[in-house]
file run_34.txt (compact mmCIF, C-alpha atoms)
# COMPACT_ATOMS: atom_id res chain seq x y z
CA MET A 1 0.00 0.00 0.00
CA ALA A 2 1.33 3.39 -0.97
CA ILE A 3 1.99 5.81 1.86
CA LYS A 4 -0.16 8.91 1.63
CA ILE A 5 1.79 12.03 2.60
CA PRO A 6 -0.28 15.09 3.51
CA LYS A 7 0.40 18.09 1.29
CA ASP A 8 1.86 20.16 4.15
CA ARG A 9 4.33 17.40 5.12
CA GLU A 10 5.89 17.01 1.68
CA VAL A 11 9.60 17.87 1.42
CA PRO A 12 10.52 20.85 -0.76
CA PHE A 13 11.40 20.48 -4.40
CA GLY A 14 14.91 19.10 -4.90
CA ALA A 15 15.51 18.23 -1.23
CA ILE A 16 15.90 14.51 -1.88
CA THR A 17 17.92 13.25 -4.83
CA PRO A 18 18.08 9.63 -5.88
CA ALA A 19 21.63 8.32 -5.49
CA PRO A 20 23.93 7.44 -7.06
CA VAL A 21 23.19 9.59 -10.10
CA ARG A 22 25.30 12.01 -12.10
CA GLN A 23 22.58 14.55 -12.63
CA GLN A 24 19.35 15.65 -10.99
CA GLU A 25 16.73 15.74 -13.72
CA LEU A 26 14.30 17.78 -11.60
CA PHE A 27 16.55 20.77 -11.43
CA ILE A 28 17.34 21.64 -15.04
CA THR A 29 18.88 25.12 -15.28
CA SER A 30 19.71 25.40 -18.98
CA ASN A 31 17.25 28.28 -19.35
CA TRP A 32 19.75 30.56 -17.59
CA ARG A 33 21.94 30.43 -20.69
CA ILE A 34 22.28 33.21 -23.27
CA VAL A 35 25.38 31.84 -25.01
CA ARG A 36 26.56 28.28 -25.39
CA PRO A 37 30.18 27.01 -25.47
CA VAL A 38 30.87 25.18 -28.72
CA ILE A 39 33.93 22.94 -28.81
CA ASP A 40 36.26 22.42 -31.73
CA HIS A 41 37.42 18.81 -31.25
CA GLU A 42 40.37 19.33 -33.61
CA LYS A 43 41.85 22.08 -31.47
CA CYS A 44 41.02 20.42 -28.13
CA THR A 45 44.04 18.86 -26.40
CA ARG A 46 41.99 16.89 -23.78
CA CYS A 47 43.74 18.75 -20.97
CA LEU A 48 40.48 18.70 -18.92
CA THR A 49 40.80 22.37 -17.89
CA CYS A 50 37.14 22.86 -18.80
CA TYR A 51 36.23 19.87 -16.63
CA THR A 52 38.03 21.27 -13.60
CA SER A 53 36.90 24.87 -14.09
CA CYS A 54 33.19 24.29 -14.72
CA PRO A 55 31.20 25.17 -11.55
CA ASP A 56 28.39 22.84 -12.58
CA SER A 57 30.43 19.88 -13.88
CA CYS A 58 28.97 20.20 -17.34
CA TRP A 59 32.10 18.99 -19.12
CA SER A 60 33.11 15.33 -18.96
CA TYR A 61 35.58 13.19 -20.85
CA ASN A 62 34.16 10.45 -23.04
CA GLU A 63 36.83 7.74 -23.16
CA LYS A 64 35.15 5.75 -25.92
CA GLU A 65 35.08 8.60 -28.39
CA ASP A 66 38.18 10.32 -26.96
CA GLN A 67 36.52 13.73 -26.77
CA MET A 68 34.94 16.12 -24.28
CA GLU A 69 31.19 15.99 -23.78
CA TRP A 70 29.00 18.95 -22.88
CA ASN A 71 25.86 18.67 -20.73
CA TRP A 72 23.31 21.13 -22.15
CA LYS A 73 20.81 20.62 -19.35
CA PHE A 74 22.86 22.29 -16.63
CA CYS A 75 25.25 24.65 -18.43
CA LYS A 76 24.32 28.21 -17.39
CA GLY A 77 26.46 29.92 -20.01
CA CYS A 78 28.89 31.48 -17.50
CA GLN A 79 31.72 31.22 -20.10
CA ILE A 80 34.37 30.29 -17.52
CA CYS A 81 35.44 27.30 -19.65
CA ILE A 82 35.80 29.56 -22.68
CA ASN A 83 38.07 31.93 -20.76
CA GLU A 84 40.10 29.13 -19.20
CA CYS A 85 40.64 26.93 -22.26
CA PRO A 86 44.41 27.06 -23.05
CA ALA A 87 43.94 25.75 -26.60
CA ASP A 88 41.21 28.26 -27.55
CA SER A 89 39.00 25.41 -28.70
CA LEU A 90 35.82 26.84 -27.16
CA THR A 91 33.72 29.65 -28.62
CA ALA A 92 30.61 31.39 -27.30
CA VAL A 93 27.70 31.09 -29.73
CA PRO A 94 24.27 32.67 -29.05
CA GLU A 95 21.85 30.07 -27.80
CA LEU A 96 19.18 31.20 -30.27
CA ASP A 97 21.37 30.05 -33.19
CA PHE A 98 20.58 26.47 -32.22
CA GLU A 99 17.20 24.82 -32.59
CA ASP A 100 17.92 22.14 -29.97
CA GLY A 101 18.17 22.63 -26.23
CA VAL A 102 14.54 23.81 -25.82
CA ILE A 103 13.07 22.99 -22.42
CA ARG A 104 10.24 25.52 -21.88
CA LEU A 105 9.67 25.15 -18.13
CA GLU A 106 6.36 26.34 -16.73
CA LYS A 107 8.00 28.43 -14.01
CA PRO A 108 11.43 30.00 -13.50
CA PHE A 109 12.21 27.25 -10.98
CA MET B 1 -15.23 45.54 -12.41
CA ALA B 2 -13.72 46.80 -15.60
CA LYS B 3 -11.24 44.76 -17.57
CA VAL B 4 -7.78 44.74 -15.99
CA THR B 5 -5.04 44.54 -18.61
CA GLU B 6 -2.15 42.47 -17.28
CA ILE B 7 1.38 42.92 -18.60
CA THR B 8 4.18 40.54 -17.63
CA VAL B 9 7.80 41.48 -18.36
CA TRP B 10 10.26 38.58 -18.51
CA THR B 11 13.91 39.37 -17.90
CA ARG B 12 17.16 37.98 -16.52
CA GLY B 13 18.19 38.44 -12.90
CA VAL B 14 20.75 41.15 -12.03
CA VAL B 15 22.10 41.84 -15.55
CA MET B 16 18.80 43.05 -17.04
CA ASP B 17 16.80 43.43 -13.85
CA LYS B 18 16.72 47.23 -13.64
CA GLU B 19 15.76 47.60 -17.29
CA ALA B 20 12.72 45.38 -16.91
CA ARG B 21 11.71 47.08 -13.67
CA ASP B 22 11.93 50.42 -15.48
CA ILE B 23 9.69 49.07 -18.24
CA ALA B 24 7.06 48.09 -15.67
CA ASN B 25 7.33 51.32 -13.66
CA ALA B 26 7.50 53.75 -16.57
CA PHE B 27 4.65 52.12 -18.47
CA ALA B 28 2.44 52.20 -15.39
CA GLN B 29 3.35 55.81 -14.60
CA ALA B 30 2.58 56.89 -18.17
CA ALA B 31 -0.81 55.16 -17.99
CA LYS B 32 -1.47 56.85 -14.66
CA LYS B 33 -0.87 60.23 -16.30
CA GLU B 34 -3.75 59.37 -18.63
CA GLY B 35 -6.12 58.82 -15.74
CA LYS B 36 -5.92 55.04 -15.57
CA PHE B 37 -5.64 53.00 -12.38
CA VAL B 38 -2.36 51.11 -12.33
CA GLN B 39 -0.27 48.69 -10.32
CA ALA B 40 3.40 47.91 -11.02
CA PHE B 41 5.56 45.62 -8.94
CA ASP B 42 8.63 43.44 -9.02
CA ASN B 43 8.94 39.70 -8.95
CA TYR B 44 7.52 37.95 -5.94
CA GLU B 45 8.21 34.24 -6.33
CA ASP B 46 11.28 34.39 -8.60
CA LEU B 47 14.96 34.72 -7.69
CA PRO B 48 16.04 38.18 -8.87
CA ASP B 49 19.39 38.14 -7.09
CA ARG B 50 20.90 35.35 -9.17
CA VAL B 51 22.63 36.32 -12.39
CA LEU B 52 20.77 35.32 -15.58
CA VAL B 53 17.86 33.60 -13.83
CA THR B 54 14.52 34.34 -15.49
CA THR B 55 12.46 36.76 -13.43
CA ARG B 56 9.19 38.60 -13.95
CA LYS B 57 7.87 42.12 -13.45
CA TYR B 58 4.19 42.90 -13.52
CA VAL B 59 1.95 45.78 -14.60
CA ARG B 60 -1.82 46.06 -14.30
CA ILE B 61 -3.82 48.80 -16.00
CA SER B 62 -7.54 49.41 -15.65
CA ASP B 63 -10.14 52.12 -16.13
CA GLU B 64 -11.50 51.51 -12.64
CA GLU B 65 -9.85 50.84 -9.33
CA ILE B 66 -8.02 47.50 -9.33
CA GLU B 67 -9.26 45.27 -6.52
CA MET B 68 -6.83 42.34 -6.89
CA LYS B 69 -4.11 43.92 -4.77
CA TYR B 70 -3.11 40.84 -2.78
CA LEU B 71 -2.33 38.78 -5.87
CA TYR B 72 1.33 39.19 -6.75
CA THR B 73 1.48 37.41 -10.10
CA ASN B 74 -0.31 37.97 -13.40
CA ASN B 75 -1.95 34.65 -14.05
CA HIS B 76 -3.56 35.70 -17.32
CA PRO B 77 -1.21 38.21 -19.01
CA ASP B 78 -2.68 40.02 -22.01
CA VAL B 79 0.76 41.32 -22.99
CA VAL B 80 4.05 39.48 -22.46
CA VAL B 81 7.30 41.40 -22.95
CA ILE B 82 10.55 39.46 -23.41
CA VAL B 83 13.57 41.62 -22.53
CA GLU B 84 16.10 38.90 -23.44
CA PRO B 85 15.01 36.73 -26.39
CA THR B 86 16.68 33.45 -25.30
CA ILE B 87 14.04 33.19 -22.56
CA ILE B 88 11.51 31.82 -25.07
CA LYS B 89 13.60 28.62 -25.36
CA GLY B 90 13.61 27.99 -21.63
CA ILE B 91 10.21 29.15 -20.38
CA ASN B 92 6.61 28.74 -21.51
CA VAL B 93 6.08 32.49 -21.55
CA LEU B 94 2.52 32.30 -22.91
CA ARG B 95 1.20 30.33 -19.93
CA GLY B 96 -2.24 31.60 -18.97
CA MET B 97 -2.50 34.06 -21.83
CA PRO B 98 -6.06 34.60 -23.10
CA GLU B 99 -6.82 34.17 -26.81
CA GLY B 100 -5.49 37.02 -28.89
CA GLY B 101 -2.77 38.28 -26.58
CA LEU B 102 0.37 40.14 -27.59
CA LEU B 103 4.02 39.10 -27.38
CA VAL B 104 6.77 41.75 -27.56
CA ILE B 105 10.32 40.46 -28.02
CA ASN B 106 13.60 42.37 -27.94
CA THR B 107 15.41 40.75 -30.86
CA ASN B 108 16.85 41.48 -34.29
CA ARG B 109 15.83 38.07 -35.63
CA GLN B 110 12.91 37.28 -37.91
CA ILE B 111 9.50 36.82 -36.27
CA ASP B 112 9.04 33.45 -38.03
CA TYR B 113 12.32 32.18 -36.62
CA MET B 114 11.32 33.17 -33.08
CA LEU B 115 7.93 31.47 -33.46
CA LYS B 116 9.68 28.12 -34.04
CA PHE B 117 10.45 28.06 -30.32
CA ILE B 118 6.85 28.83 -29.28
CA PRO B 119 4.71 25.75 -29.99
CA ASN B 120 1.63 27.30 -28.33
CA ALA B 121 1.80 30.47 -30.47
CA ASP B 122 -1.75 29.87 -31.75
CA VAL B 123 -3.15 31.76 -28.74
CA LEU B 124 -1.35 34.90 -29.88
CA GLY B 125 -3.11 37.80 -31.54
CA ALA B 126 0.12 39.47 -32.60
CA VAL B 127 3.89 39.38 -32.19
CA ALA B 128 6.04 42.50 -32.17
CA THR B 129 9.82 42.62 -32.28
CA VAL B 130 12.12 45.55 -31.62
CA ASP B 131 15.92 45.49 -31.78
CA ALA B 132 16.49 47.29 -28.50
CA ASP B 133 20.03 45.94 -28.11
CA GLY B 134 20.88 47.40 -31.51
CA ILE B 135 19.18 50.74 -30.81
CA SER B 136 20.58 51.52 -27.38
CA GLY B 137 23.72 49.39 -27.59
CA ILE B 138 23.86 48.96 -23.81
CA ARG B 139 22.39 45.96 -22.10
CA THR B 140 23.25 46.44 -18.44
CA VAL B 141 22.76 49.96 -17.16
CA ASP B 142 23.29 49.95 -13.43
CA PHE B 143 23.87 47.17 -10.96
CA SER B 144 23.20 49.40 -7.97
CA GLY B 145 19.75 50.23 -9.32
CA SER B 146 18.78 46.60 -8.99
CA GLU B 147 19.28 46.66 -5.25
CA GLY B 148 16.95 49.55 -4.60
CA GLY B 149 19.83 51.90 -3.82
CA VAL B 150 21.04 54.88 -5.82
CA ASP B 151 19.53 54.98 -9.27
CA ALA B 152 21.92 57.31 -11.07
CA ALA B 153 20.92 56.23 -14.58
CA GLY B 154 17.31 57.36 -14.20
CA LEU B 155 14.15 55.58 -15.27
CA GLY B 156 14.21 53.98 -18.69
CA ALA B 157 17.84 54.11 -19.77
CA GLY B 158 19.45 51.41 -21.90
CA ILE B 159 17.28 48.79 -23.57
CA ALA B 160 14.21 49.79 -21.54
CA ALA B 161 13.62 52.92 -23.66
CA PRO B 162 13.22 51.29 -27.12
CA ILE B 163 11.08 48.50 -25.67
CA LEU B 164 8.82 51.09 -24.00
CA GLY B 165 8.48 52.94 -27.30
CA ALA B 166 7.55 49.72 -29.07
CA MET B 167 5.01 48.85 -26.36
CA ALA B 168 3.44 52.30 -26.57
CA LYS B 169 2.92 51.98 -30.31
CA VAL B 170 1.74 48.38 -30.44
CA THR B 171 -0.50 48.27 -27.37
CA GLY B 172 -1.90 51.78 -27.76
CA MET B 173 -2.39 51.94 -23.98
CA VAL B 174 -0.16 54.96 -23.35
CA LYS B 175 0.83 57.95 -25.42
CA LYS B 176 4.42 58.46 -26.52
CA GLU B 177 4.34 62.03 -25.18
CA ASN B 178 3.53 60.84 -21.67
CA LEU B 179 6.34 58.29 -21.74
CA ALA B 180 8.76 60.99 -22.87
CA LYS B 181 8.01 62.98 -19.70
CA ILE B 182 9.11 60.05 -17.53
CA ILE B 183 12.03 58.27 -19.13
CA SER B 184 15.55 59.57 -19.58
CA ASP B 185 16.48 58.26 -23.04
CA VAL B 186 13.76 59.82 -25.23
CA ALA B 187 15.69 59.47 -28.52
CA ALA B 188 15.97 55.69 -28.09
CA MET B 189 12.29 55.51 -27.20
CA ASP B 190 11.40 57.32 -30.44
CA ARG B 191 13.51 54.90 -32.44
CA GLY B 192 11.84 51.93 -30.77
CA TYR B 193 8.45 53.49 -31.51
CA ASN B 194 9.31 53.87 -35.19
CA GLU B 195 11.26 50.65 -35.76
CA VAL B 196 8.98 48.09 -34.10
CA LYS B 197 7.87 45.26 -36.41
CA LEU B 198 4.41 43.79 -35.95
CA GLN B 199 2.84 40.59 -37.25
CA ARG B 200 -0.85 39.97 -36.61
CA PHE B 201 -2.30 36.48 -36.65
CA ARG B 202 -6.02 36.92 -36.33
CA LYS B 203 -8.65 39.57 -35.86
CA PRO B 204 -8.07 40.84 -32.33
CA ARG B 205 -10.93 40.74 -29.87
CA ALA B 206 -12.89 43.91 -29.24
CA GLU B 207 -10.98 44.90 -26.11
CA TYR B 208 -7.60 44.45 -27.76
CA PHE B 209 -5.84 46.97 -29.93
CA TRP B 210 -2.63 45.61 -31.37
CA GLY B 211 -2.14 48.44 -33.78
CA GLY B 212 0.85 50.14 -35.22
call {"tool": "encode", "arguments": {"input": "run_34.txt", "output": "C-alpha cells"}}
result
Amino acid sequence: MAIKIPKDREVPFGAITPAPVRQQELFITSNWRIVRPVIDHEKCTRCLTCYTSCPDSCWSYNEKEDQMEWNWKFCKGCQICINECPADSLTAVPELDFEDGVIRLEKPF
Amino acid sequence: MAKVTEITVWTRGVVMDKEARDIANAFAQAAKKEGKFVQAFDNYEDLPDRVLVTTRKYVRISDEEIEMKYLYTNNHPDVVVIVEPTIIKGINVLRGMPEGGLLVINTNRQIDYMLKFIPNADVLGAVATVDADGISGIRTVDFSGSEGGVDAAGLGAGIAAPILGAMAKVTGMVKKENLAKIISDVAAMDRGYNEVKLQRFRKPRAEYFWGG
C-alpha cells in the first residue's frame, strides 16, 4: 500500500535526490543560458581544464570517443570554460542560433 | 469591475533586472498620467538576485480601481514582454495568456524564426519585435539600481527605452508624449516606436488593440 503524505508534510522540491546519479533531472537550469560554449574537437588537447573549471560539472571526458562531452541541461552559459581553455577550442555562440536545447519550463524554478 | 489589462515582463536576474523594472514602472506611470488606475511591482516568487535567472515584473492597467491587490502574479497576461530573447527557449512564456494576446520580443531576428520556439503560439493575436540591443547598444545599465539603492541612470535608460516605445505603439495603452516625460532616453524611445515590427495572426478581440 502506498503511503499517503499530507500536502503540508511534503519535502521541498529538490531536497531529496536519488543516489547514485550524475545529474538531478528535476533541477534543469539550462534556461539561464544566453550563449553556449561550442567545442572544436580538432583544437582540443583533452587537458580537462574545462572539466576542472566548470562550476556545474557540465564537461566530462568520453573515453570511448576520446573527446569532451558537454551537458546542455545544466550549463548556465557562464563562459568560464571559454576563458580558461588554453587551446582556444571553445567559442561562445548565441543560444538562439541552435534549434535544440529547448526545455520551456512552466515556471522559472 | 472593468477589464484589468495584465502585462508581464520577462527578464534575466541582475544583468537586465533594472531595465525590466523600469519598463514596468515607466509604463504604469505613463498610464497613470492618462487617468488610468495602475499597479506595477517586481517579482515575488522568482529569484532576482541570481545572475541570468529568469524573473518577472508585472503591470496592471484598468479604467477603474483595481481590486486584486493581494495577488502578486499575473496569471492571465494580455501582454508578455521578453527583454532577453533566449528566454523563449527555456520558459513557456505564454502560460495563462487569453486568446489574442500580444508578445513583444527584444530581438533582431525574424519573427518566423522566433515562433519556431513557441509551440503554443496559436493563442497569440500578434507578435512585435524591436531590436532594443541594436538601438541603445547597452544591455546592463546599473547594478546598484537593482538593489533599490542609488539609481543614477534614471528611469528607462538602456534597452528599456526602445522596448517602451515599441510597447506604446503596439499596445496603444499609453501615449508616446507621456512616456517621454518620464524616461531619460527619449531618442531611443522614439527609435523603438518607429522601428517596431508587428505581425498579426487573427482579428483581435474587441478589447484588444494591437495596432501600429
call {"tool": "closest_atom_pairs", "arguments": {"input": "run_34.txt", "of": "chain B", "to": "chain A", "cutoff": "7 Å", "atoms": "all atoms listed in the file", "output": "CSV"}}
result
residue,atom,partner,partner_atom,distance
B:Asp46,CA,A:Pro108,CA,6.6
B:Leu52,CA,A:Trp32,CA,5.3
B:Val53,CA,A:Trp32,CA,5.2
B:Thr54,CA,A:Pro108,CA,5.7
B:Thr55,CA,A:Pro108,CA,6.8
B:Thr86,CA,A:Ile34,CA,6.0
B:Ile87,CA,A:Asn31,CA,6.7
B:Lys89,CA,A:Val102,CA,4.9
B:Gly90,CA,A:Arg104,CA,4.2
B:Ile91,CA,A:Arg104,CA,3.9
B:Asn92,CA,A:Arg104,CA,4.9
call {"tool": "residues_around", "arguments": {"input": "run_34.txt", "residues": "range 53-70 of chain A", "least_positions_apart": "6", "cutoff": "8 Å", "atoms": "all atoms listed in the file", "output": "PyMOL selection string"}}
result
chain A and resi 41+46+80-81+84
call {"tool": "atom_distance", "arguments": {"input": "run_34.txt", "atom1": "CA of Ile183 in chain B", "atom2": "CA of Leu198 in chain B"}}
result
23.5 Å
call {"tool": "closest_residue", "arguments": {"input": "run_34.txt", "among": "A:Ala2, A:Val38, A:Cys44, A:Ala87", "to": "Asn71 in chain A", "atoms": "all atoms listed in the file"}}
result
A:Val38
call {"tool": "closest_residue", "arguments": {"input": "run_34.txt", "among": "B:Asp78, B:Asp122, B:Glu99, B:Ala187", "to": "Ser136 in chain B", "atoms": "all atoms listed in the file"}}
result
B:Ala187
call {"tool": "atom_distance", "arguments": {"input": "run_34.txt", "atom1": "CA of Ser184 in chain B", "atom2": "CA of Gly154 in chain B"}}
result
6.1 Å
call {"tool": "atom_distance", "arguments": {"input": "run_34.txt", "atom1": "CA of Phe201 in chain B", "atom2": "CA of Leu124 in chain B"}}
result
7.0 Å
call {"tool": "residues_around", "arguments": {"input": "run_34.txt", "residues": "Asp40 in chain A", "least_positions_apart": "2", "cutoff": "9 Å", "atoms": "all atoms listed in the file", "output": "PyMOL selection string"}}
result
chain A and resi 38+42-44+88-91
call {"tool": "residues_near_point", "arguments": {"input": "run_34.txt", "point": "(-11.3, 44.8, -19.2)", "cutoff": "10 Å", "atoms": "all atoms listed in the file", "output": "PyMOL selection string"}}
result
chain B and resi 1-6+61-64+207-208
call {"tool": "closest_residue", "arguments": {"input": "run_34.txt", "among": "B:Leu155, B:Leu94, B:Ile111, B:Ala180", "to": "Val79 in chain B", "atoms": "all atoms listed in the file"}}
result
B:Leu94
call {"tool": "residues_around", "arguments": {"input": "run_34.txt", "residues": "Val174 in chain B", "least_positions_apart": "2", "cutoff": "6 Å", "atoms": "all atoms listed in the file", "output": "number ranges by chain"}}
result
B: 31, 168, 172
call {"tool": "closest_residue", "arguments": {"input": "run_34.txt", "among": "B:Thr107, B:Thr140, B:Asn74, B:Gln199", "to": "Gly125 in chain B", "atoms": "all atoms listed in the file"}}
result
B:Gln199
call {"tool": "residues_around", "arguments": {"input": "run_34.txt", "residues": "Ala30 in chain B", "least_positions_apart": "6", "cutoff": "10 Å", "atoms": "all atoms listed in the file", "output": "PDB file with C-alpha atoms, in the coordinates of the input"}}
result
ATOM      1  CA  LYS B  36      -5.920  55.040 -15.570  1.00  0.00           C
ATOM      2  CA  VAL B  38      -2.360  51.110 -12.330  1.00  0.00           C
ATOM      3  CA  ALA B 168       3.440  52.300 -26.570  1.00  0.00           C
ATOM      4  CA  MET B 173      -2.390  51.940 -23.980  1.00  0.00           C
ATOM      5  CA  VAL B 174      -0.160  54.960 -23.350  1.00  0.00           C
ATOM      6  CA  LYS B 175       0.830  57.950 -25.420  1.00  0.00           C
ATOM      7  CA  LYS B 176       4.420  58.460 -26.520  1.00  0.00           C
ATOM      8  CA  GLU B 177       4.340  62.030 -25.180  1.00  0.00           C
ATOM      9  CA  ASN B 178       3.530  60.840 -21.670  1.00  0.00           C
ATOM     10  CA  LEU B 179       6.340  58.290 -21.740  1.00  0.00           C
ATOM     11  CA  ALA B 180       8.760  60.990 -22.870  1.00  0.00           C
ATOM     12  CA  LYS B 181       8.010  62.980 -19.700  1.00  0.00           C
ATOM     13  CA  ILE B 182       9.110  60.050 -17.530  1.00  0.00           C
ATOM     14  CA  ILE B 183      12.030  58.270 -19.130  1.00  0.00           C
TER      15      ILE B 183
END
